[in-house]
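run24.cif, holding mmCIF, C-alpha atoms:
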data_final
loop_
_atom_site.label_atom_id
_atom_site.label_comp_id
_atom_site.auth_asym_id
_atom_site.auth_seq_id
_atom_site.Cartn_x
_atom_site.Cartn_y
_atom_site.Cartn_z
CA MET L 1 -34.80 -102.82 -52.94
CA LYS L 2 -34.66 -99.43 -54.67
CA ALA L 3 -34.56 -97.74 -51.31
CA ASN L 4 -31.61 -99.86 -50.27
CA ILE L 5 -29.68 -98.96 -53.43
CA LEU L 6 -30.38 -95.28 -52.85
CA LYS L 7 -29.26 -95.58 -49.22
CA ALA L 8 -26.03 -97.32 -50.26
CA GLY L 9 -25.42 -94.63 -52.90
CA ALA L 10 -25.94 -91.90 -50.32
CA TYR L 11 -23.46 -93.55 -47.97
CA ILE L 12 -20.87 -93.89 -50.73
CA LEU L 13 -21.29 -90.21 -51.60
CA LEU L 14 -20.91 -89.24 -47.95
CA ILE L 15 -17.75 -91.33 -47.64
CA PHE L 16 -16.18 -89.41 -50.53
CA ILE L 17 -17.57 -85.95 -49.84
CA LEU L 18 -16.92 -85.67 -46.10
CA PRO L 19 -13.13 -86.08 -46.26
CA MET L 20 -13.05 -83.55 -49.11
CA CYS L 21 -14.89 -80.99 -46.97
CA LYS L 22 -12.56 -81.66 -44.07
CA SER L 23 -9.45 -81.39 -46.23
CA ASN L 24 -10.65 -78.14 -47.72
CA LYS L 25 -11.36 -76.74 -44.26
CA THR L 26 -7.84 -77.64 -43.10
CA LYS L 27 -6.36 -75.99 -46.14
CA VAL L 28 -8.40 -72.83 -45.62
CA GLY L 29 -7.48 -72.80 -41.92
CA GLN L 30 -3.80 -73.15 -42.76
CA GLU L 31 -4.00 -70.33 -45.30
CA ASN L 32 -5.63 -68.11 -42.67
CA GLU L 33 -2.87 -68.89 -40.21
CA LYS L 34 -0.25 -68.05 -42.82
CA VAL L 35 -1.91 -64.72 -43.57
CA LYS L 36 -1.86 -63.90 -39.86
CA LEU L 37 1.85 -64.68 -39.76
CA LEU L 38 2.70 -62.19 -42.48
CA GLY L 39 4.13 -58.87 -41.34
CA VAL L 40 6.95 -57.26 -39.43
CA TRP L 41 7.59 -58.60 -35.93
CA SER L 42 9.75 -57.35 -33.11
CA GLN L 43 10.41 -58.24 -29.50
CA SER L 44 9.30 -54.74 -28.51
CA LYS L 45 7.93 -51.75 -30.36
CA SER L 46 10.97 -49.64 -29.45
CA GLU L 47 13.47 -52.07 -31.00
CA ASN L 48 14.46 -52.85 -34.57
CA ALA L 49 12.31 -55.50 -36.21
CA SER L 50 13.42 -59.04 -35.44
CA PHE L 51 12.13 -60.27 -38.78
CA ARG L 52 9.58 -59.76 -41.51
CA ILE L 53 7.53 -62.80 -42.49
CA ASP L 54 6.70 -62.86 -46.19
CA THR L 55 4.67 -65.52 -47.99
CA ASP L 56 7.52 -67.94 -48.46
CA SER L 57 10.49 -66.51 -46.58
CA ILE L 58 11.52 -64.76 -43.38
CA TYR L 59 13.71 -61.68 -43.76
CA TYR L 60 16.11 -60.75 -40.92
CA PRO L 61 16.92 -57.03 -41.32
CA GLU L 62 19.90 -57.14 -38.96
CA TYR L 63 21.47 -59.73 -41.25
CA PHE L 64 20.10 -58.48 -44.59
CA LYS L 65 19.17 -62.09 -45.36
CA SER L 66 16.03 -64.15 -46.05
CA TYR L 67 15.37 -67.77 -45.14
CA LYS L 68 12.71 -70.12 -46.47
CA TYR L 69 10.04 -71.38 -44.11
CA SER L 70 7.01 -73.63 -44.17
CA ILE L 71 4.08 -74.31 -41.88
CA SER L 72 2.06 -77.40 -41.18
CA LYS L 73 -0.93 -76.99 -38.88
CA ASP L 74 0.56 -75.17 -35.89
CA SER L 75 4.17 -76.07 -36.68
CA ILE L 76 6.71 -73.82 -38.32
CA PHE L 77 9.97 -74.89 -39.97
CA ILE L 78 12.64 -72.33 -40.80
CA GLU L 79 15.48 -73.43 -43.07
CA TYR L 80 18.67 -71.71 -41.93
CA GLY L 81 20.85 -73.25 -44.60
CA GLU L 82 22.64 -76.11 -42.88
CA TRP L 83 20.15 -76.57 -40.10
CA ARG L 84 16.46 -76.20 -39.44
CA TYR L 85 14.39 -74.57 -36.69
CA LYS L 86 11.33 -76.58 -35.70
CA GLY L 87 8.71 -75.08 -33.45
CA THR L 88 5.05 -74.37 -32.99
CA PHE L 89 3.36 -71.01 -33.37
CA TYR L 90 0.23 -69.42 -32.03
CA PHE L 91 -1.21 -65.97 -31.54
CA ARG L 92 -2.05 -64.29 -28.29
CA ASN L 93 -3.94 -61.03 -28.82
CA ASP L 94 -1.82 -59.38 -31.50
CA SER L 95 1.37 -61.15 -30.45
CA LEU L 96 3.05 -64.04 -32.20
CA VAL L 97 4.46 -66.80 -30.03
CA LEU L 98 7.09 -69.20 -31.38
CA LYS L 99 7.83 -72.12 -29.14
CA ASN L 100 10.15 -75.11 -29.27
CA GLN L 101 11.50 -77.51 -26.65
CA LYS L 102 14.11 -75.01 -25.49
CA LYS L 103 12.30 -71.71 -25.28
CA THR L 104 9.31 -69.56 -26.02
CA ASN L 105 9.68 -66.32 -27.96
CA LYS L 106 7.04 -63.63 -28.09
CA TYR L 107 6.86 -60.92 -30.75
CA VAL L 108 4.70 -57.87 -31.22
CA ARG L 109 3.45 -56.85 -34.61
CA ILE L 110 5.04 -53.72 -36.03
CA LEU L 111 3.40 -53.77 -39.42
CA GLU L 112 0.96 -56.01 -41.30
CA MET X 1 33.54 -69.63 21.37
CA ARG X 2 35.52 -68.21 18.48
CA THR X 3 38.15 -70.93 18.80
CA LYS X 4 35.43 -73.60 18.72
CA LEU X 5 33.92 -72.15 15.58
CA LEU X 6 37.30 -71.92 13.93
CA LYS X 7 38.03 -75.52 14.88
CA LYS X 8 34.64 -76.67 13.59
CA TYR X 9 34.96 -74.95 10.24
CA ARG X 10 38.71 -75.11 9.74
CA LYS X 11 38.34 -77.59 6.89
CA HIS X 12 36.06 -75.17 5.09
CA PHE X 13 38.36 -72.26 5.70
CA THR X 14 41.33 -74.22 4.35
CA LEU X 15 39.46 -75.35 1.29
CA PHE X 16 38.06 -71.91 0.74
CA LEU X 17 41.51 -70.38 0.78
CA ILE X 18 42.84 -72.99 -1.61
CA LEU X 19 39.94 -72.81 -3.98
CA SER X 20 38.82 -69.20 -3.78
CA LEU X 21 41.03 -68.07 -6.62
CA ASN X 22 39.35 -70.54 -8.94
CA LEU X 23 35.79 -69.79 -7.95
CA CYS X 24 33.18 -67.83 -9.85
CA ILE X 25 29.59 -67.24 -8.85
CA ASN X 26 27.04 -66.27 -11.47
CA PHE X 27 23.45 -65.23 -11.04
CA THR X 28 21.56 -66.65 -13.97
CA PRO X 29 17.85 -66.65 -14.77
CA LYS X 30 17.81 -70.23 -13.46
CA GLY X 31 19.32 -69.24 -10.14
CA ILE X 32 22.79 -69.22 -8.75
CA SER X 33 25.45 -71.08 -10.64
CA ILE X 34 28.82 -71.75 -9.10
CA GLY X 35 31.71 -72.70 -11.30
CA MET X 36 34.96 -73.93 -9.90
CA LYS X 37 38.16 -74.85 -11.57
CA GLN X 38 38.83 -77.94 -9.63
CA THR X 39 42.06 -78.71 -7.88
CA TYR X 40 42.93 -81.35 -5.34
CA ALA X 41 43.20 -80.09 -1.83
CA GLN X 42 44.20 -81.65 1.40
CA ALA X 43 41.66 -81.04 4.12
CA ALA X 44 42.79 -80.13 7.60
CA GLU X 45 42.20 -83.67 8.83
CA GLY X 46 44.81 -84.93 6.43
CA THR X 47 42.44 -86.58 3.99
CA TRP X 48 42.37 -85.76 0.32
CA GLN X 49 39.28 -83.99 -0.90
CA THR X 50 38.16 -81.89 -3.76
CA GLY X 51 36.21 -78.70 -3.43
CA ILE X 52 33.03 -80.51 -4.26
CA SER X 53 32.13 -81.32 -0.67
CA TRP X 54 32.80 -77.77 0.30
CA LEU X 55 30.59 -76.52 -2.50
CA ASP X 56 27.84 -78.91 -1.48
CA ASP X 57 27.96 -77.59 2.05
CA LEU X 58 27.80 -74.04 0.84
CA LEU X 59 24.82 -74.65 -1.42
CA PHE X 60 23.06 -76.71 1.20
CA ARG X 61 23.44 -74.01 3.82
CA PHE X 62 21.91 -71.44 1.51
CA ASN X 63 19.01 -73.72 0.63
CA TYR X 64 20.14 -74.45 -2.87
CA THR X 65 19.83 -77.93 -4.21
CA PRO X 66 22.44 -80.00 -2.47
CA GLY X 67 24.73 -81.83 -4.77
CA THR X 68 27.14 -81.04 -7.52
CA TYR X 69 26.04 -81.35 -11.07
CA PHE X 70 27.99 -81.62 -14.23
CA ASN X 71 26.78 -80.20 -17.42
CA ASN X 72 26.28 -83.58 -18.98
CA GLY X 73 27.24 -82.47 -22.47
CA ASN X 74 23.76 -83.12 -23.82
CA GLY X 75 22.23 -79.79 -22.98
CA ASP X 76 21.06 -80.97 -19.62
CA TRP X 77 22.34 -81.31 -16.10
CA GLY X 78 23.14 -84.51 -14.37
CA TYR X 79 25.78 -86.66 -12.82
CA CYS X 80 27.18 -88.53 -15.70
CA ILE X 81 30.38 -90.48 -15.77
CA ASP X 82 31.27 -89.52 -19.30
CA CYS X 83 31.45 -85.84 -18.44
CA ALA X 84 34.67 -86.39 -16.60
CA TYR X 85 36.29 -87.43 -19.85
CA HIS X 86 35.59 -84.14 -21.54
CA VAL X 87 37.93 -82.20 -19.34
CA ASN X 88 41.22 -82.62 -17.65
CA LEU X 89 40.67 -84.33 -14.33
CA ASN X 90 42.21 -81.56 -12.28
CA GLU X 91 40.32 -78.84 -14.09
CA THR X 92 36.68 -79.82 -13.89
CA ILE X 93 34.03 -77.18 -13.77
CA ILE X 94 31.38 -77.98 -11.21
CA TYR X 95 27.98 -76.43 -10.98
CA GLY X 96 25.41 -76.25 -8.26
CA THR X 97 22.15 -74.69 -9.34
CA ASN X 98 18.72 -74.44 -7.84
CA MET X 99 17.12 -75.93 -10.90
CA SER X 100 13.62 -77.27 -10.69
CA ASN X 101 14.45 -80.24 -12.88
CA SER X 102 17.34 -81.46 -10.80
CA PRO X 103 18.00 -85.15 -10.32
CA VAL X 104 15.30 -86.87 -8.33
CA ASP X 105 17.22 -88.30 -5.41
CA LEU X 106 18.87 -85.48 -3.55
CA SER X 107 19.22 -87.18 -0.23
CA MET X 108 23.00 -87.44 -0.44
CA SER X 109 25.11 -84.38 -0.01
CA ASP X 110 27.98 -85.74 -2.05
CA LEU X 111 27.31 -86.99 -5.55
CA TRP X 112 30.93 -87.13 -6.62
CA HIS X 113 34.24 -87.11 -4.94
CA SER X 114 37.69 -88.04 -6.06
CA ILE X 115 40.29 -90.09 -4.33
CA PRO X 116 43.78 -90.05 -5.79
CA THR X 117 44.66 -93.66 -5.04
CA SER X 118 48.27 -94.62 -5.80
CA SER X 119 49.22 -93.07 -9.12
CA GLN X 120 45.83 -93.56 -10.76
CA PRO X 121 43.27 -90.87 -10.11
CA GLU X 122 39.75 -92.11 -9.62
CA TRP X 123 36.36 -90.50 -9.61
CA ASN X 124 33.82 -91.94 -7.22
CA TYR X 125 30.16 -91.33 -7.69
CA TRP X 126 27.15 -92.28 -5.65
CA ASP X 127 25.25 -95.05 -7.36
CA TYR X 128 21.69 -94.51 -6.20
CA THR X 129 20.49 -97.84 -7.58
CA SER X 130 22.98 -99.92 -5.62
CA GLY X 131 23.44 -97.41 -2.82
CA VAL X 132 27.21 -97.55 -2.93
CA TRP X 133 30.10 -95.37 -3.99
CA SER X 134 31.37 -96.63 -7.32
CA GLY X 135 34.82 -95.92 -8.58
CA VAL X 136 35.45 -94.80 -12.12
CA VAL X 137 39.03 -94.73 -13.25
CA VAL X 138 39.60 -91.69 -15.37
CA THR X 139 42.58 -91.28 -17.57
CA PRO X 140 43.21 -87.62 -18.19
CA SER X 141 43.91 -86.69 -21.78
CA PRO X 142 47.64 -87.01 -22.40
CA THR X 143 47.57 -83.81 -24.41
CA PRO X 144 45.22 -80.87 -23.93
CA ILE X 145 42.13 -81.07 -26.11
CA SER X 146 42.54 -78.81 -29.09
CA ARG X 147 39.74 -76.28 -29.49
CA THR X 148 39.50 -74.40 -32.73
CA ILE X 149 37.77 -71.13 -33.54
CA ASN X 150 37.17 -70.93 -37.29
CA TYR X 151 36.24 -67.84 -39.25
CA ALA X 152 33.94 -67.93 -42.27
CA SER X 153 35.54 -66.54 -45.40
CA GLY X 154 35.65 -62.76 -45.65
CA ILE X 155 35.25 -62.24 -41.91
CA ASN X 156 37.38 -59.61 -40.22
CA SER X 157 38.91 -61.60 -37.38
CA ALA X 158 41.02 -58.61 -36.31
CA THR X 159 38.07 -57.16 -34.38
CA VAL X 160 37.84 -60.31 -32.22
CA SER X 161 39.87 -59.56 -29.09
CA SER X 162 41.93 -61.96 -26.99
CA THR X 163 39.33 -61.49 -24.21
CA THR X 164 36.63 -62.75 -26.56
CA VAL X 165 38.75 -65.68 -27.72
CA SER X 166 39.41 -66.62 -24.11
CA ILE X 167 35.69 -66.50 -23.25
CA LEU X 168 34.86 -68.61 -26.31
CA GLN X 169 37.47 -71.16 -25.21
CA GLU X 170 35.84 -71.29 -21.76
CA ILE X 171 32.42 -71.85 -23.34
CA MET X 172 33.79 -74.57 -25.62
CA GLN X 173 35.42 -76.33 -22.68
CA CYS X 174 32.24 -76.07 -20.63
CA ALA X 175 30.11 -77.48 -23.48
CA GLY X 176 32.63 -80.15 -24.41
CA ILE X 177 32.91 -78.98 -28.01
CA THR X 178 36.09 -78.76 -30.01
CA SER X 179 35.29 -76.22 -32.72
CA LEU X 180 32.96 -73.47 -33.77
CA THR X 181 32.69 -71.09 -36.70
CA ILE X 182 32.29 -67.34 -36.42
CA THR X 183 30.21 -66.07 -39.34
CA SER X 184 30.19 -62.37 -38.51
CA THR X 185 32.01 -59.93 -36.24
CA THR X 186 31.43 -56.36 -35.11
CA ARG X 187 30.24 -54.16 -37.97
CA ASP X 188 31.77 -50.70 -38.04
CA PRO X 189 29.51 -47.67 -38.71
CA GLU X 190 30.93 -47.35 -42.24
CA SER X 191 29.88 -50.90 -43.16
CA GLN X 192 26.49 -50.42 -41.51
CA ALA X 193 25.88 -47.18 -43.45
CA SER X 194 26.98 -48.80 -46.69
CA ALA X 195 24.61 -51.77 -46.21
CA MET X 196 21.72 -49.49 -45.26
CA TYR X 197 22.41 -47.30 -48.30
CA ASP X 198 22.27 -50.31 -50.64
CA ASN X 199 19.04 -51.55 -49.07
CA CYS X 200 17.41 -48.14 -49.41
CA GLU X 201 18.47 -48.03 -53.05
CA ASN X 202 17.32 -51.57 -53.85
CA LEU X 203 14.27 -52.01 -51.65
CA GLY X 204 13.05 -48.47 -51.12
CA VAL X 205 13.00 -46.07 -48.20
CA GLU X 206 9.56 -47.04 -46.97
CA ASN X 207 10.50 -50.71 -46.84
CA GLN X 208 13.50 -49.86 -44.66
CA TYR X 209 11.60 -47.45 -42.38
CA ASN X 210 9.38 -50.35 -41.36
CA LEU X 211 12.30 -52.41 -40.13
CA TYR X 212 14.23 -49.97 -37.97
CA ALA X 213 13.49 -48.31 -34.67
CA ASN X 214 13.89 -44.56 -34.11
CA ALA X 215 17.72 -44.42 -34.34
CA GLY X 216 17.80 -46.37 -37.61
CA ASP X 217 14.97 -44.26 -39.03
CA GLN X 218 17.07 -41.12 -38.46
CA VAL X 219 19.88 -42.66 -40.52
CA ILE X 220 17.41 -43.52 -43.30
CA GLU X 221 16.16 -39.90 -43.24
CA VAL X 222 19.74 -38.79 -43.94
CA TYR X 223 19.76 -41.12 -46.95
CA PHE X 224 16.44 -39.69 -48.14
CA GLU X 225 17.59 -36.07 -47.82
CA GLY X 226 20.86 -36.82 -49.63
CA SER X 227 19.00 -38.65 -52.33
CA ILE X 228 16.54 -35.83 -53.11
CA ASN X 229 19.41 -33.34 -53.06
CA HIS X 230 21.28 -35.51 -55.61
CA LEU X 231 24.35 -36.05 -53.44
CA THR X 232 26.80 -38.76 -54.51
CA ARG X 233 26.81 -42.22 -52.96
CA ASP X 234 30.00 -41.44 -51.01
CA GLN X 235 28.60 -38.14 -49.71
CA ILE X 236 25.37 -39.77 -48.58
CA ILE X 237 27.20 -42.64 -46.86
CA ALA X 238 29.51 -40.18 -45.11
CA ASN X 239 26.46 -38.28 -43.80
CA MET X 240 24.84 -41.54 -42.71
CA VAL X 241 28.01 -42.53 -40.83
CA SER X 242 27.99 -39.19 -38.98
CA LYS X 243 24.37 -39.77 -38.01
CA ILE X 244 25.16 -43.30 -36.79
CA TYR X 245 27.84 -41.92 -34.48
CA GLU X 246 25.43 -39.20 -33.33
CA VAL X 247 22.58 -41.53 -32.38
CA GLY X 248 24.89 -44.29 -31.11
CA PRO X 249 26.01 -47.24 -33.28
CA THR X 250 24.46 -49.90 -31.03
CA ASN X 251 21.09 -48.12 -31.23
CA VAL X 252 21.10 -48.43 -35.01
CA SER X 253 22.05 -52.11 -35.10
CA LYS X 254 23.08 -54.66 -32.52
CA HIS X 255 25.94 -55.62 -34.86
CA CYS X 256 27.29 -52.10 -34.99
CA ALA X 257 29.67 -51.16 -32.19
CA ASP X 258 33.13 -49.99 -31.31
CA PRO X 259 35.05 -53.30 -31.03
CA THR X 260 37.31 -51.87 -28.34
CA VAL X 261 34.20 -51.46 -26.17
CA LEU X 262 31.99 -54.34 -27.28
CA ASN X 263 32.76 -57.42 -29.36
CA VAL X 264 29.78 -58.68 -31.33
CA ILE X 265 30.09 -62.11 -32.87
CA ASP X 266 27.74 -64.45 -34.67
CA ILE X 267 28.33 -68.18 -34.54
CA SER X 268 26.84 -70.66 -36.94
CA PRO X 269 24.62 -73.14 -35.03
CA SER X 270 25.50 -75.82 -37.57
CA SER X 271 29.14 -75.56 -36.49
CA ILE X 272 28.25 -76.52 -32.91
CA SER X 273 28.24 -80.24 -32.21
CA ASN X 274 26.14 -79.94 -29.04
CA GLN X 275 23.81 -76.95 -29.27
CA GLY X 276 21.98 -77.54 -25.98
CA ALA X 277 25.19 -77.67 -23.95
CA PHE X 278 26.56 -74.66 -25.84
CA GLU X 279 23.46 -72.57 -25.05
CA ASN X 280 23.60 -73.52 -21.36
CA CYS X 281 27.27 -72.65 -21.13
CA VAL X 282 26.84 -69.28 -22.88
CA ASN X 283 23.93 -68.42 -20.59
CA SER X 284 26.00 -69.15 -17.50
CA ASN X 285 29.16 -67.38 -18.68
CA TYR X 286 29.71 -64.10 -16.86
CA GLY X 287 31.64 -62.60 -19.81
CA VAL X 288 28.68 -62.63 -22.21
CA SER X 289 26.37 -59.66 -21.73
CA ARG X 290 23.78 -60.62 -24.35
CA PHE X 291 22.96 -63.89 -26.06
CA ILE X 292 20.37 -64.29 -28.78
CA SER X 293 19.56 -67.57 -30.49
CA PRO X 294 17.21 -68.68 -33.27
CA PRO X 295 14.51 -67.87 -34.16
CA ASP X 296 15.16 -64.33 -32.83
CA ASP X 297 18.27 -64.36 -34.98
CA PRO X 298 19.27 -66.88 -37.64
CA VAL X 299 22.54 -67.58 -35.80
CA TYR X 300 23.93 -67.49 -32.26
CA HIS X 301 24.56 -63.82 -31.47
CA LEU X 302 26.92 -63.03 -28.59
CA GLU X 303 27.90 -59.64 -27.19
CA ILE X 304 31.03 -59.52 -25.08
CA PRO X 305 32.05 -56.30 -23.29
CA GLN X 306 35.79 -55.58 -23.45
#

Take the structure from the file and write it as structure tokens.
Amino acid sequence: MKANILKAGAYILLIFILPMCKSNKTKVGQENEKVKLLGVWSQSKSENASFRIDTDSIYYPEYFKSYKYSISKDSIFIEYGEWRYKGTFYFRNDSLVLKNQKKTNKYVRILE
Amino acid sequence: MRTKLLKKYRKHFTLFLILSLNLCINFTPKGISIGMKQTYAQAAEGTWQTGISWLDDLLFRFNYTPGTYFNNGNGDWGYCIDCAYHVNLNETIIYGTNMSNSPVDLSMSDLWHSIPTSSQPEWNYWDYTSGVWSGVVVTPSPTPISRTINYASGINSATVSSTTVSILQEIMQCAGITSLTITSTTRDPESQASAMYDNCENLGVENQYNLYANAGDQVIEVYFEGSINHLTRDQIIANMVSKIYEVGPTNVSKHCADPTVLNVIDISPSSISNQGAFENCVNSNYGVSRFISPPDDPVYHLEIPQ
């Protein structure tokens, strides 16, 4: 009887603890991805920077303007005022790739 | 032999002569794109035809996808009935492109043709489901569609040339949109130097060095030298302007140029009702030398040589 109660208790604990571990892992993974995004990016090392990704905004030097952005898993959302860019991002070697339904853009890191 | 050939292809020669003035051929990353301002023409046999059949033949002979495709106004290519309503019936732009995602059934050489029956013009298209030509009566707009180019407040519209306006009108017609808003035009070296000066003052020299390539860095060095020598703002900006001219304005910023040589304009994507069609039409327009879209830039950036 006692053993059964202990077993049930263990199961209940597992039910609560496992999702917490998973959630924490996702959060940590997302933070890591965000840290990797930070820096100055350009289409080629000989050109002006396309943009600089800061913690909560993307700065476009050619326009002297910043725009808010957010990430969710591998998706990135950039708020350009009246409209929004939606795409996915990933890294290939030291390059950043932004991709949406229309096109794929590749950037090289100029500065961390 | 020559006479036989001439006889065989006389229809094509006639149509070519009639239509050649309205023909443009572009080489795009997607392949060849042929645009034609459409006019009715009478073929040598006495039947009415448009240039579409001629274009089909041409594309077919050169192993391009047979068929004539309309930009369907939704950022894609297809043979849609509605497209005919976007433009005046006798001024339709037709495209033939060797796209990989072309319509599935390409067995017919003619997807569209027009027959001016009595006083009512009619488009006929090949209905693949029923396997018949279906007529679509098209009423051309009684008045030309008004297309408006707006300028955001504070924008210097004087640097936008008539050539640029004309190209923008072409793009708007192609994409079936009626208005767009220009948010920025060519920046002169004085404005560029002034903006760079303010950024160096507010954000620091090192911050700015990280964002510019070699030409821009040279301009920032001029700021730095002027700053440590306690020159005035106006003196420093004047020196920066000289440096911009020396290294080449377009090398410092893609917005900086001589507007008599290159028009640079930014268009707000939110002002475009059909962004997919707009992007396709800009990409296929021979007058645009460079086109950048988000997320490379926060807006649509077009460079148009004068």

The PyMOL selection byres ((chain L and resi 100) around 10) resolved against shown file, as an NGL selection string: (:L and (75-76 or 85-89 or 98-99 or 101-105)) or (:X and (295))

Resulting file, chosen residues, C-alpha atoms, as a CSV table (one decimal), in the frame of the given file:
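Dumped to selection-v2.csv:
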chain,number,residue,atom,x,y,z
L,75,SER,CA,4.2,-76.1,-36.7
L,76,ILE,CA,6.7,-73.8,-38.3
L,85,TYR,CA,14.4,-74.6,-36.7
L,86,LYS,CA,11.3,-76.6,-35.7
L,87,GLY,CA,8.7,-75.1,-33.4
L,88,THR,CA,5.0,-74.4,-33.0
L,89,PHE,CA,3.4,-71.0,-33.4
L,98,LEU,CA,7.1,-69.2,-31.4
L,99,LYS,CA,7.8,-72.1,-29.1
L,101,GLN,CA,11.5,-77.5,-26.6
L,102,LYS,CA,14.1,-75.0,-25.5
L,103,LYS,CA,12.3,-71.7,-25.3
L,104,THR,CA,9.3,-69.6,-26.0
L,105,ASN,CA,9.7,-66.3,-28.0
X,295,PRO,CA,14.5,-67.9,-34.2

Residues selected by the PyMOL selection byres ((chain X) within 7 of (chain L)), written as a VMD selection string: chain X and resid 211 to 213 253 270 296 298

Selection result of the PyMOL selection byres ((chain X and resi 267) around 7) on this file, as a ChimeraX atom specification: /X:181-183,265-266,268-269,299-301

Keeping only C-alpha atoms, take the residues you just selected and write them out as an mmCIF file, keeping the file's coordinate frame.
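Okay, this is what ended up in again_27.cif:
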data_model
loop_
_atom_site.group_PDB
_atom_site.id
_atom_site.type_symbol
_atom_site.label_atom_id
_atom_site.label_comp_id
_atom_site.auth_asym_id
_atom_site.auth_seq_id
_atom_site.Cartn_x
_atom_site.Cartn_y
_atom_site.Cartn_z
ATOM 1 C CA THR X 181 32.690 -71.090 -36.700
ATOM 2 C CA ILE X 182 32.290 -67.340 -36.420
ATOM 3 C CA THR X 183 30.210 -66.070 -39.340
ATOM 4 C CA ILE X 265 30.090 -62.110 -32.870
ATOM 5 C CA ASP X 266 27.740 -64.450 -34.670
ATOM 6 C CA SER X 268 26.840 -70.660 -36.940
ATOM 7 C CA PRO X 269 24.620 -73.140 -35.030
ATOM 8 C CA VAL X 299 22.540 -67.580 -35.800
ATOM 9 C CA TYR X 300 23.930 -67.490 -32.260
ATOM 10 C CA HIS X 301 24.560 -63.820 -31.470
#

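Nearest residue to Leu168 (chain X), choosing from X:Val252, X:Pro305, X:Arg147, X:Gly154 and counting only C-alpha atoms: X:Arg147.
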
Selected residue, from X:Glu246, X:Glu190, X:Asp198, X:Glu303, that lies nearest to Ile167 (chain X) when counting all atoms listed in the file: X:Glu303

9 Å contact set for Asp188 (chain X), only C-alpha atoms, chain neighbours under 6 positions out, as a PyMOL selection string: chain X and resi 249+255-259

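Computed from the coordinates, the CA of Ser72 (chain L) to CA of Gln275 (chain X) distance equals 24.8 Å.
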
Best match for closeness to Leu96 (chain L) among L:Asn32, L:Gly39, L:Asp54, L:Ile71, counting all atoms listed in the file: L:Gly39

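Our summary of the geometry notes that CA of Tyr69 (chain L) is positioned 25.2 Å from CA of Leu180 (chain X).
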
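Residue nearest Glu221 (chain X) within the list X:Val282, X:Val205, X:Ala195, X:Ile292: X:Val205 [criterion: smallest interatomic distance, only C-alpha atoms].
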
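Relative to CA of Asp297 (chain X), CA of Ser184 (chain X) is found at 12.6 Å.
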